[in-house]
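Structure data (compact mmCIF, C-alpha atoms (C1' of nucleotides)) from run.txt:
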# COMPACT_ATOMS: atom_id res chain seq x y z
CA MET A 1 -117.16 86.13 -96.54
CA GLU A 2 -117.89 85.90 -100.20
CA PHE A 3 -116.28 83.69 -102.80
CA LYS A 4 -113.64 86.01 -104.17
CA GLU A 5 -112.47 86.93 -100.71
CA ALA A 6 -112.36 83.30 -99.61
CA LYS A 7 -110.44 82.24 -102.68
CA ASN A 8 -107.91 84.97 -102.17
CA LYS A 9 -107.51 84.09 -98.52
CA PHE A 10 -106.90 80.47 -99.39
CA VAL A 11 -104.32 81.33 -102.03
CA GLN A 12 -102.46 83.65 -99.67
CA THR A 13 -102.50 81.14 -96.83
CA TRP A 14 -101.30 78.30 -99.01
CA GLY A 15 -98.52 80.55 -100.29
CA ALA A 16 -97.42 81.44 -96.78
CA LEU A 17 -97.48 77.80 -95.72
CA GLY A 18 -95.35 76.97 -98.73
CA SER A 19 -92.61 79.41 -97.77
CA GLN A 20 -92.48 77.97 -94.28
CA TRP A 21 -91.81 74.59 -95.84
CA GLY A 22 -89.17 75.73 -98.29
CA ILE A 23 -91.39 76.16 -101.32
CA ASN A 24 -91.41 79.52 -102.95
CA LYS A 25 -94.49 81.59 -102.33
CA THR A 26 -95.55 82.09 -105.91
CA MET A 27 -95.18 78.41 -106.68
CA ALA A 28 -97.44 77.52 -103.78
CA GLN A 29 -99.92 80.22 -104.78
CA ILE A 30 -100.16 78.99 -108.34
CA HIS A 31 -100.71 75.50 -107.01
CA ALA A 32 -103.41 76.75 -104.66
CA LEU A 33 -105.13 78.60 -107.46
CA LEU A 34 -105.16 75.56 -109.71
CA MET A 35 -106.35 73.25 -106.96
CA VAL A 36 -109.50 75.20 -106.36
CA SER A 37 -110.24 75.85 -110.01
CA ASN A 38 -112.83 73.59 -111.48
CA GLU A 39 -111.36 73.94 -114.94
CA PRO A 40 -107.93 74.38 -116.52
CA VAL A 41 -106.44 77.86 -116.23
CA SER A 42 -104.34 79.66 -118.80
CA MET A 43 -101.04 81.31 -118.03
CA GLU A 44 -102.60 84.64 -118.82
CA ASP A 45 -105.24 84.12 -116.15
CA ILE A 46 -102.71 83.00 -113.58
CA MET A 47 -100.66 86.14 -114.24
CA GLU A 48 -103.76 88.25 -113.93
CA GLU A 49 -105.08 86.64 -110.73
CA LEU A 50 -101.78 86.61 -108.90
CA GLN A 51 -100.44 89.80 -110.43
CA ILE A 52 -97.17 88.26 -111.50
CA SER A 53 -95.02 88.52 -114.59
CA ARG A 54 -95.03 86.12 -117.50
CA GLY A 55 -91.54 84.87 -116.71
CA ASN A 56 -92.41 84.19 -113.13
CA ALA A 57 -95.54 82.29 -114.07
CA SER A 58 -93.70 80.27 -116.68
CA MET A 59 -90.84 79.26 -114.40
CA ASN A 60 -93.02 78.30 -111.49
CA LEU A 61 -95.38 76.30 -113.66
CA ARG A 62 -92.38 74.44 -115.01
CA ALA A 63 -91.23 73.73 -111.44
CA LEU A 64 -94.70 72.49 -110.47
CA MET A 65 -94.74 70.19 -113.47
CA ASP A 66 -91.28 68.90 -112.52
CA TRP A 67 -92.73 68.03 -109.15
CA GLY A 68 -95.45 66.16 -111.01
CA ILE A 69 -98.30 67.96 -109.30
CA VAL A 70 -99.42 70.22 -112.12
CA TYR A 71 -100.28 69.15 -115.64
CA LYS A 72 -100.56 70.86 -119.00
CA GLU A 73 -103.85 70.52 -120.73
CA PHE A 74 -104.76 71.23 -124.30
CA LYS A 75 -108.17 72.42 -125.34
CA VAL A 76 -109.39 71.69 -128.83
CA GLY A 77 -109.27 74.71 -131.05
CA GLU A 78 -107.19 76.60 -128.52
CA ARG A 79 -103.64 77.62 -129.13
CA ARG A 80 -102.87 78.46 -125.54
CA GLU A 81 -101.81 75.96 -122.93
CA PHE A 82 -103.90 75.39 -119.87
CA PHE A 83 -102.90 74.02 -116.52
CA THR A 84 -104.52 71.86 -113.87
CA ALA A 85 -103.32 70.70 -110.49
CA GLU A 86 -103.39 67.21 -109.11
CA LYS A 87 -106.55 67.39 -107.04
CA ASP A 88 -106.50 64.01 -105.39
CA LEU A 89 -104.92 64.75 -102.04
CA ASP A 90 -103.60 61.25 -101.40
CA GLU A 91 -101.84 61.37 -104.72
CA LEU A 92 -100.60 64.89 -104.10
CA ALA A 93 -99.07 63.94 -100.76
CA VAL A 94 -97.47 60.84 -102.26
CA LYS A 95 -95.87 62.80 -105.04
CA ILE A 96 -94.54 65.48 -102.74
CA SER A 97 -93.15 62.85 -100.37
CA ARG A 98 -91.47 60.91 -103.12
CA GLU A 99 -89.95 64.00 -104.63
CA ARG A 100 -88.65 65.39 -101.37
CA SER A 101 -87.23 62.02 -100.48
CA LYS A 102 -85.42 61.81 -103.78
CA ARG A 103 -84.15 65.38 -103.78
CA GLU A 104 -83.35 65.94 -100.14
CA ILE A 105 -83.49 62.87 -97.93
CA LYS A 106 -81.55 60.45 -100.11
CA PRO A 107 -78.60 62.81 -100.62
CA THR A 108 -78.59 63.53 -96.88
CA LEU A 109 -78.52 59.82 -96.12
CA LYS A 110 -75.52 59.43 -98.38
CA VAL A 111 -73.63 62.10 -96.49
CA LEU A 112 -74.66 60.66 -93.13
CA LYS A 113 -73.32 57.29 -94.16
CA GLU A 114 -70.05 58.83 -95.28
CA VAL A 115 -69.39 60.93 -92.22
CA SER A 116 -70.40 58.20 -89.80
CA SER A 117 -67.90 55.87 -91.39
CA ILE A 118 -64.76 57.72 -90.43
CA GLU A 119 -62.18 55.95 -88.36
CA ALA A 120 -62.99 57.30 -84.91
CA SER A 121 -59.82 57.67 -82.93
CA ASN A 122 -59.80 57.06 -79.22
CA SER A 123 -61.12 60.51 -78.27
CA ASP A 124 -64.58 60.76 -76.74
CA GLU A 125 -65.31 63.62 -79.08
CA GLU A 126 -64.82 61.52 -82.19
CA LYS A 127 -66.60 58.54 -80.71
CA HIS A 128 -69.61 60.67 -79.94
CA PHE A 129 -69.64 62.10 -83.42
CA VAL A 130 -69.65 58.68 -85.04
CA ASP A 131 -72.24 57.37 -82.63
CA GLN A 132 -74.59 60.30 -83.12
CA THR A 133 -74.34 60.42 -86.91
CA LYS A 134 -74.91 56.67 -87.06
CA LYS A 135 -78.06 57.04 -84.98
CA LEU A 136 -79.14 59.85 -87.23
CA TYR A 137 -78.56 57.73 -90.29
CA ASP A 138 -80.62 54.88 -88.87
CA PHE A 139 -83.41 57.21 -87.85
CA VAL A 140 -83.66 59.06 -91.14
CA LEU A 141 -83.47 55.83 -93.10
CA LYS A 142 -86.21 54.26 -91.04
CA ALA A 143 -88.43 57.34 -91.36
CA ASP A 144 -87.86 57.44 -95.10
CA ASN A 145 -88.80 53.78 -95.41
CA VAL A 146 -91.92 54.20 -93.32
CA LEU A 147 -93.05 57.03 -95.54
CA ASP A 148 -92.42 54.87 -98.55
CA LYS A 149 -94.40 51.97 -97.13
CA ILE A 150 -97.31 54.15 -96.08
CA THR A 151 -97.67 55.81 -99.44
CA GLU A 152 -97.52 52.43 -101.14
CA TYR A 153 -101.09 51.80 -100.03
CA LYS A 154 -101.95 54.24 -102.83
CA ASP A 155 -105.68 54.73 -102.37
CA ASN A 156 -106.71 56.23 -99.09
CA TRP A 157 -103.37 55.62 -97.49
CA LEU A 158 -104.04 58.18 -94.82
CA THR A 159 -107.31 56.56 -93.78
CA LYS A 160 -105.70 53.13 -93.83
CA LEU A 161 -102.93 54.45 -91.64
CA VAL A 162 -105.43 55.82 -89.15
CA VAL A 163 -107.04 52.38 -88.93
CA LYS A 164 -103.68 50.66 -88.40
CA ILE A 165 -102.67 53.04 -85.68
CA MET A 166 -105.94 52.99 -83.82
CA LYS A 167 -106.30 49.28 -83.42
CA MET B 1 -61.88 61.50 -94.42
CA GLU B 2 -60.78 62.69 -91.06
CA PHE B 3 -62.82 63.94 -88.17
CA LYS B 4 -62.68 67.68 -88.77
CA GLU B 5 -63.62 67.27 -92.40
CA ALA B 6 -66.47 64.90 -91.56
CA LYS B 7 -67.82 67.20 -88.88
CA ASN B 8 -67.75 70.13 -91.25
CA LYS B 9 -69.45 68.15 -93.96
CA PHE B 10 -72.19 67.13 -91.58
CA VAL B 11 -72.77 70.68 -90.37
CA GLN B 12 -72.93 72.00 -93.92
CA THR B 13 -75.30 69.28 -95.06
CA TRP B 14 -77.61 69.74 -92.11
CA GLY B 15 -77.61 73.46 -92.79
CA ALA B 16 -78.55 72.95 -96.44
CA LEU B 17 -81.29 70.51 -95.49
CA GLY B 18 -82.61 73.09 -93.06
CA SER B 19 -83.01 75.76 -95.72
CA GLN B 20 -84.89 73.36 -97.94
CA TRP B 21 -87.35 72.86 -95.12
CA GLY B 22 -87.80 76.50 -94.26
CA ILE B 23 -85.32 76.67 -91.40
CA ASN B 24 -82.59 79.22 -91.67
CA LYS B 25 -79.19 77.83 -92.52
CA THR B 26 -77.31 79.10 -89.52
CA MET B 27 -79.97 77.86 -87.14
CA ALA B 28 -79.69 74.37 -88.61
CA GLN B 29 -75.89 74.54 -88.54
CA ILE B 30 -75.80 75.52 -84.89
CA HIS B 31 -78.15 72.67 -84.15
CA ALA B 32 -75.97 70.25 -86.11
CA LEU B 33 -72.88 71.41 -84.29
CA LEU B 34 -74.48 70.94 -80.89
CA MET B 35 -75.91 67.54 -81.77
CA VAL B 36 -72.52 66.06 -82.51
CA SER B 37 -70.75 67.72 -79.61
CA ASN B 38 -70.24 65.48 -76.65
CA GLU B 39 -70.21 68.40 -74.28
CA PRO B 40 -71.88 71.80 -73.96
CA VAL B 41 -70.54 74.49 -76.26
CA SER B 42 -70.13 78.18 -75.49
CA MET B 43 -71.39 80.95 -77.72
CA GLU B 44 -67.82 81.97 -78.34
CA ASP B 45 -67.00 78.52 -79.69
CA ILE B 46 -70.08 78.43 -81.89
CA MET B 47 -69.11 81.79 -83.39
CA GLU B 48 -65.61 80.55 -83.96
CA GLU B 49 -66.54 77.22 -85.53
CA LEU B 50 -69.23 78.59 -87.83
CA GLN B 51 -67.56 81.95 -88.43
CA ILE B 52 -70.62 83.94 -87.53
CA SER B 53 -71.21 87.12 -85.57
CA ARG B 54 -72.23 87.33 -81.96
CA GLY B 55 -75.65 88.73 -82.81
CA ASN B 56 -76.35 85.98 -85.27
CA ALA B 57 -75.34 83.30 -82.80
CA SER B 58 -77.42 84.85 -80.05
CA MET B 59 -80.58 85.18 -82.13
CA ASN B 60 -80.42 81.70 -83.59
CA LEU B 61 -79.71 80.12 -80.22
CA ARG B 62 -82.74 81.93 -78.87
CA ALA B 63 -84.83 80.56 -81.75
CA LEU B 64 -83.56 77.02 -81.16
CA MET B 65 -84.46 77.31 -77.50
CA ASP B 66 -87.92 78.58 -78.44
CA TRP B 67 -88.31 75.42 -80.49
CA GLY B 68 -87.35 73.50 -77.37
CA ILE B 69 -84.53 71.59 -79.03
CA VAL B 70 -81.55 73.38 -77.53
CA TYR B 71 -80.92 73.99 -73.86
CA LYS B 72 -78.81 76.37 -71.83
CA GLU B 73 -76.41 74.77 -69.44
CA PHE B 74 -74.50 76.28 -66.62
CA LYS B 75 -71.13 75.06 -65.51
CA VAL B 76 -70.04 75.57 -61.96
CA GLY B 77 -67.53 78.34 -61.58
CA GLU B 78 -68.17 79.51 -65.15
CA ARG B 79 -69.74 82.80 -65.96
CA ARG B 80 -70.48 81.97 -69.57
CA GLU B 81 -73.51 80.10 -70.78
CA PHE B 82 -73.17 76.82 -72.57
CA PHE B 83 -75.55 75.14 -74.95
CA THR B 84 -76.56 71.56 -75.72
CA ALA B 85 -78.96 70.10 -78.24
CA GLU B 86 -81.64 67.54 -77.65
CA LYS B 87 -79.81 64.40 -78.73
CA ASP B 88 -82.58 61.86 -78.46
CA LEU B 89 -83.90 61.68 -82.00
CA ASP B 90 -87.38 60.47 -81.08
CA GLU B 91 -87.73 63.40 -78.77
CA LEU B 92 -86.28 65.79 -81.34
CA ALA B 93 -88.74 64.70 -84.00
CA VAL B 94 -91.66 64.93 -81.59
CA LYS B 95 -90.73 68.46 -80.58
CA ILE B 96 -90.30 69.62 -84.15
CA SER B 97 -93.62 68.05 -85.16
CA ARG B 98 -95.49 69.58 -82.26
CA GLU B 99 -94.03 72.99 -82.89
CA ARG B 100 -94.70 72.99 -86.62
CA SER B 101 -98.20 71.79 -85.99
CA LYS B 102 -98.80 74.57 -83.53
CA ARG B 103 -97.19 77.30 -85.59
CA GLU B 104 -98.20 76.35 -89.11
CA ILE B 105 -100.75 73.56 -89.40
CA LYS B 106 -103.24 74.74 -86.80
CA PRO B 107 -103.49 78.27 -88.24
CA THR B 108 -103.87 76.80 -91.72
CA LEU B 109 -106.66 74.55 -90.53
CA LYS B 110 -108.44 77.55 -89.11
CA VAL B 111 -108.32 79.32 -92.46
CA LEU B 112 -109.39 76.18 -94.32
CA LYS B 113 -112.42 75.89 -92.09
CA GLU B 114 -113.30 79.50 -92.66
CA VAL B 115 -112.99 79.55 -96.41
CA SER B 116 -114.76 76.21 -96.86
CA SER B 117 -117.73 77.55 -94.91
CA ILE B 118 -118.80 80.22 -97.34
CA GLU B 119 -122.23 80.08 -98.78
CA ALA B 120 -121.54 78.50 -102.14
CA SER B 121 -123.88 79.90 -104.71
CA ASN B 122 -125.18 77.81 -107.54
CA SER B 123 -122.10 78.18 -109.73
CA ASP B 124 -119.92 75.15 -110.37
CA GLU B 125 -116.90 77.27 -109.67
CA GLU B 126 -117.97 78.07 -106.14
CA LYS B 127 -119.19 74.56 -105.49
CA HIS B 128 -115.83 73.17 -106.50
CA PHE B 129 -114.02 75.62 -104.29
CA VAL B 130 -116.02 74.64 -101.25
CA ASP B 131 -115.72 70.96 -102.03
CA GLN B 132 -111.96 71.09 -102.53
CA THR B 133 -111.18 73.20 -99.49
CA LYS B 134 -113.39 70.92 -97.37
CA LYS B 135 -111.45 67.90 -98.58
CA LEU B 136 -108.24 69.71 -97.84
CA TYR B 137 -109.42 70.55 -94.36
CA ASP B 138 -110.32 66.92 -93.67
CA PHE B 139 -107.03 65.68 -95.05
CA VAL B 140 -104.83 68.10 -93.17
CA LEU B 141 -106.78 67.54 -89.96
CA LYS B 142 -106.46 63.79 -90.27
CA ALA B 143 -102.73 64.00 -91.03
CA ASP B 144 -102.19 66.31 -88.09
CA ASN B 145 -104.05 63.92 -85.79
CA VAL B 146 -102.09 60.93 -87.04
CA LEU B 147 -98.84 62.71 -86.31
CA ASP B 148 -100.11 63.52 -82.88
CA LYS B 149 -101.07 59.95 -82.15
CA ILE B 150 -97.82 58.53 -83.45
CA THR B 151 -95.66 60.81 -81.39
CA GLU B 152 -97.72 60.02 -78.31
CA TYR B 153 -96.02 56.65 -78.11
CA LYS B 154 -93.08 58.70 -76.76
CA ASP B 155 -90.31 56.10 -76.55
CA ASN B 156 -89.30 54.54 -79.80
CA TRP B 157 -92.35 55.76 -81.62
CA LEU B 158 -90.72 55.30 -84.98
CA THR B 159 -89.89 51.65 -84.32
CA LYS B 160 -93.35 51.03 -82.93
CA LEU B 161 -94.81 52.56 -86.04
CA VAL B 162 -92.74 50.28 -88.24
CA VAL B 163 -94.09 47.29 -86.35
CA LYS B 164 -97.69 48.47 -86.70
CA ILE B 165 -97.35 49.05 -90.40
CA MET B 166 -95.60 45.81 -91.18
CA LYS B 167 -98.00 43.45 -89.52
C1' DT C 1 -92.57 80.87 -145.63
C1' DT C 2 -94.31 84.22 -143.14
C1' DA C 3 -96.47 85.94 -139.51
C1' DA C 4 -99.10 85.67 -135.53
C1' DA C 5 -99.73 83.61 -131.02
C1' DC C 6 -97.88 81.92 -127.74
C1' DT C 7 -93.85 80.13 -124.22
C1' DT C 8 -89.22 80.02 -122.39
C1' DT C 9 -84.92 81.93 -120.99
C1' DC C 10 -81.87 84.67 -118.46
C1' DA C 11 -79.39 89.03 -117.26
C1' DA C 12 -80.60 92.64 -114.46
C1' DA C 13 -83.52 94.68 -110.81
C1' DA C 14 -86.15 94.30 -106.79
C1' DA C 15 -87.51 92.29 -102.71
C1' DA C 16 -86.91 89.45 -98.86
C1' DA C 17 -84.17 87.25 -95.56
C1' DA C 18 -80.19 86.86 -92.90
C1' DA C 19 -75.99 88.66 -90.80
C1' DT C 20 -73.24 92.20 -88.71
C1' DG C 21 -71.51 94.80 -84.91
C1' DA C 22 -71.74 98.33 -81.72
C1' DA C 23 -74.56 100.09 -78.13
C1' DA C 24 -77.61 98.87 -74.54
C1' DG C 25 -78.77 95.55 -71.25
C1' DT C 26 -77.93 92.14 -67.64
C1' DT C 27 -75.68 89.64 -64.01
C1' DA C 28 -71.94 88.38 -61.07
C1' DT C 29 -67.89 89.67 -58.59
C1' DT C 30 -64.88 92.63 -55.95
C1' DA D 1 -71.58 100.77 -56.22
C1' DA D 2 -68.32 100.14 -59.59
C1' DT D 3 -66.52 97.27 -62.84
C1' DA D 4 -65.86 93.24 -65.49
C1' DA D 5 -67.90 89.47 -68.07
C1' DC D 6 -70.98 88.34 -70.55
C1' DT D 7 -75.72 88.46 -73.66
C1' DT D 8 -79.33 90.74 -76.29
C1' DT D 9 -81.16 94.04 -79.38
C1' DC D 10 -81.82 96.31 -83.56
C1' DA D 11 -80.63 99.76 -87.35
C1' DT D 12 -77.77 99.05 -91.04
C1' DT D 13 -75.39 96.24 -94.45
C1' DT D 14 -74.83 92.10 -96.97
C1' DT D 15 -76.36 88.06 -99.10
C1' DT D 16 -79.71 85.25 -101.10
C1' DT D 17 -83.86 84.56 -103.35
C1' DT D 18 -87.33 85.91 -106.26
C1' DT D 19 -89.26 88.62 -109.91
C1' DT D 20 -89.24 91.17 -114.01
C1' DG D 21 -89.46 91.92 -118.89
C1' DA D 22 -87.57 91.92 -123.23
C1' DA D 23 -85.32 89.00 -126.51
C1' DA D 24 -85.06 84.48 -128.29
C1' DG D 25 -87.48 80.36 -129.17
C1' DT D 26 -91.35 77.48 -130.66
C1' DT D 27 -95.54 76.08 -132.77
C1' DT D 28 -99.57 76.61 -135.56
C1' DA D 29 -102.15 78.40 -139.30
C1' DA D 30 -102.85 81.07 -143.36

Translate this file's structure into structure tokens.
Amino acid sequence: MEFKEAKNKFVQTWGALGSQWGINKTMAQIHALLMVSNEPVSMEDIMEELQISRGNASMNLRALMDWGIVYKEFKVGERREFFTAEKDLDELAVKISRERSKREIKPTLKVLKEVSSIEASNSDEEKHFVDQTKKLYDFVLKADNVLDKITEYKDNWLTKLVVKIMK
Amino acid sequence: MEFKEAKNKFVQTWGALGSQWGINKTMAQIHALLMVSNEPVSMEDIMEELQISRGNASMNLRALMDWGIVYKEFKVGERREFFTAEKDLDELAVKISRERSKREIKPTLKVLKEVSSIEASNSDEEKHFVDQTKKLYDFVLKADNVLDKITEYKDNWLTKLVVKIMK
DNA sequence: TTAAACTTTCAAAAAAAAATGAAAGTTATT
DNA sequence: AATAACTTTCATTTTTTTTTGAAAGTTTAA
């Protein structure tokens, strides 16, 4: 396999993985492309490499920047904007975790708290509902906190976690 | 808020969360419904509660069973099939992790290994590609292994993990 | 201040994913 | 072995998501 082929394969695979995790394909592909580029890439080049429209590129780059995992770069004497991806994987994982927690887990926790707080009548059905949603609340909260704690290690959190678990 | 409203809110929320994580909405809703039901539910009832077609119910129940998180139950003297969800949350999380690892992470690792094994010429571009994809391979592999180890604790793995991390 | 070089926005189109429902399939009962 | 009770399949339709591209917006430089 030669370089171009390998690069393309990586971009496609990362895109597919993205969709399976609720991230749109193009967004994941742009991210993939930037991650393996040793220097900042212009929007023009992204459009060219991925064969996508200007609007598509613009919107997905915006989304990636909102996630905090892609940055704009300016080159001296260049009018165009260039983009780079967060390449430190520990940092990347931390940012994605934090963002998903904020956007998805926290709101879910709020709902779980609400629905588990209803006045359960005497019926088994209602009792079970309250019991199960309470358990779910506790579980999700605990998992969310664990993730938070782990990623607090900052540098090499994954390696540090391995050490903790092994001993 | 009364029971019916709370139940509906939970089902909707779980469904929305599902889509954000790449699981189809109905599949997540059926799962939610079964999780908070204190007794097995028939296909007919699922269709009724979620207002979905027979085909949709059938296909998504099949998918949930393939994931190993929903089971068929038979009631004596009943022709119809009934369904229940895995209600133990530790077990649920383990099954989902294992399945996602098998379906998505493992194949991705294979590709990462492939593309990071190309003969990198002398160009910085190619060197960076190989370097980055190698790092990614190591990271994903390590994360996958950690998840595996954690869920091996079986009972109360999340609590055990909290303990390990805190001390 | 004008124009060129570039980016963003968003209504409309296209593509992808999910849902329907009727026919085919299966299994249990008489 | 016929029928009733149920489930699965899959071509078609519907819905949702993504993409396009042209117009509007912005910034820089002459």

Would you write out, as CSV, a table of all residues in chain A that have an atom no more than 6 Å from an atom of chain B, listing for each the closest atom pair and the distance in Å to one decimal, considering all atoms listed in the file and ordering rows by chain and rising residue number?
residue,atom,partner,partner_atom,distance
A:Ala6,CA,B:Val115,CA,5.0
A:Gln20,CA,B:Gly22,CA,4.9
A:Trp21,CA,B:Gly22,CA,4.7
A:Gly22,CA,B:Gly22,CA,4.3
A:Val36,CA,B:Phe129,CA,5.0
A:Asn38,CA,B:Glu125,CA,5.8
A:Val115,CA,B:Ala6,CA,5.0
A:Glu125,CA,B:Asn38,CA,5.8
A:His128,CA,B:Asn38,CA,5.9
A:Phe129,CA,B:Val36,CA,5.0

Could you please take those selected residues and save C-alpha atoms as a PDB file, in the frame of the given file?
ATOM      1  CA  ALA A   6    -112.360  83.300 -99.610  1.00  0.00           C
ATOM      2  CA  GLN A  20     -92.480  77.970 -94.280  1.00  0.00           C
ATOM      3  CA  TRP A  21     -91.810  74.590 -95.840  1.00  0.00           C
ATOM      4  CA  GLY A  22     -89.170  75.730 -98.290  1.00  0.00           C
ATOM      5  CA  VAL A  36    -109.500  75.200-106.360  1.00  0.00           C
ATOM      6  CA  ASN A  38    -112.830  73.590-111.480  1.00  0.00           C
ATOM      7  CA  VAL A 115     -69.390  60.930 -92.220  1.00  0.00           C
ATOM      8  CA  GLU A 125     -65.310  63.620 -79.080  1.00  0.00           C
ATOM      9  CA  HIS A 128     -69.610  60.670 -79.940  1.00  0.00           C
ATOM     10  CA  PHE A 129     -69.640  62.100 -83.420  1.00  0.00           C
TER      11      PHE A 129
END

Exercise. Hey, which of B:Trp67, B:Phe83, B:Trp157, B:Phe74 ends up closest to Val41 in chain B? Count all atoms listed in the file.
Worked result: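 Under the stated criterion, the closest residue is B:Phe83.
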
Can you check which residues of chain B have any atom within 10 Å of chain D? Use only C-alpha atoms (C1' of nucleotides) and format it as a PDB file with C-alpha atoms, keeping the file's coordinate frame.
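Everything below was put into out_28.pdb:
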ATOM      1  CA  MET B  43     -71.390  80.950 -77.720  1.00  0.00           C
ATOM      2  CA  ARG B  54     -72.230  87.330 -81.960  1.00  0.00           C
ATOM      3  CA  GLY B  55     -75.650  88.730 -82.810  1.00  0.00           C
ATOM      4  CA  SER B  58     -77.420  84.850 -80.050  1.00  0.00           C
ATOM      5  CA  MET B  59     -80.580  85.180 -82.130  1.00  0.00           C
ATOM      6  CA  ARG B  62     -82.740  81.930 -78.870  1.00  0.00           C
ATOM      7  CA  ARG B  79     -69.740  82.800 -65.960  1.00  0.00           C
ATOM      8  CA  ARG B  80     -70.480  81.970 -69.570  1.00  0.00           C
ATOM      9  CA  GLU B  81     -73.510  80.100 -70.780  1.00  0.00           C
TER      10      GLU B  81
END

Show me which bits of chain C are within 8 Å of chain A, counting only C-alpha atoms (C1' of nucleotides), as a PDB file with C-alpha atoms (C1' of nucleotides), in the frame of the given file.
ATOM      1  C1'  DA C   5     -99.730  83.610-131.020  1.00  0.00           C
ATOM      2  C1'  DC C   6     -97.880  81.920-127.740  1.00  0.00           C
ATOM      3  C1'  DT C   7     -93.850  80.130-124.220  1.00  0.00           C
ATOM      4  C1'  DT C   8     -89.220  80.020-122.390  1.00  0.00           C
TER       5       DT C   8
END

Exercise. Within 9 Å of Asn60 in chain A, counting only C-alpha atoms (C1' of nucleotides), which residues qualify if same-chain residues fewer than 3 places away don't, as a ChimeraX atom specification?
Worked result: /A:24,26-28,30,55-57,63-65

For this session: Please measure the separation of CA of Val11 in chain A and CA of Ser97 in chain B, giving the value in Å to one decimal.
Result: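 Going from CA of Val11 in chain A over to CA of Ser97 in chain B covers 24.0 Å.
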
Exercise. What is the CA of Val94 in chain B-CA of Val70 in chain B distance in Å, reported with one decimal?
Worked result: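 So the two atoms, CA of Val94 in chain B and CA of Val70 in chain B, lie 13.8 Å apart.
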
For this session: Would you mind reading off the distance between CA of Ile52 in chain B and CA of Lys95 in chain B, one decimal, in Å?
Result: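 Going from CA of Ile52 in chain B over to CA of Lys95 in chain B, I get 26.3 Å.
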
Centre and edge lengths of an axis-aligned box around all listed atoms of range 9-20 of chain B, with 5 Å added on each side, are to be given in Å to one decimal, as lines of an AutoDock Vina configuration file.
center_x = -77.2
center_y = 71.4
center_z = -94.2
size_x = 25.4
size_y = 18.6
size_z = 17.6
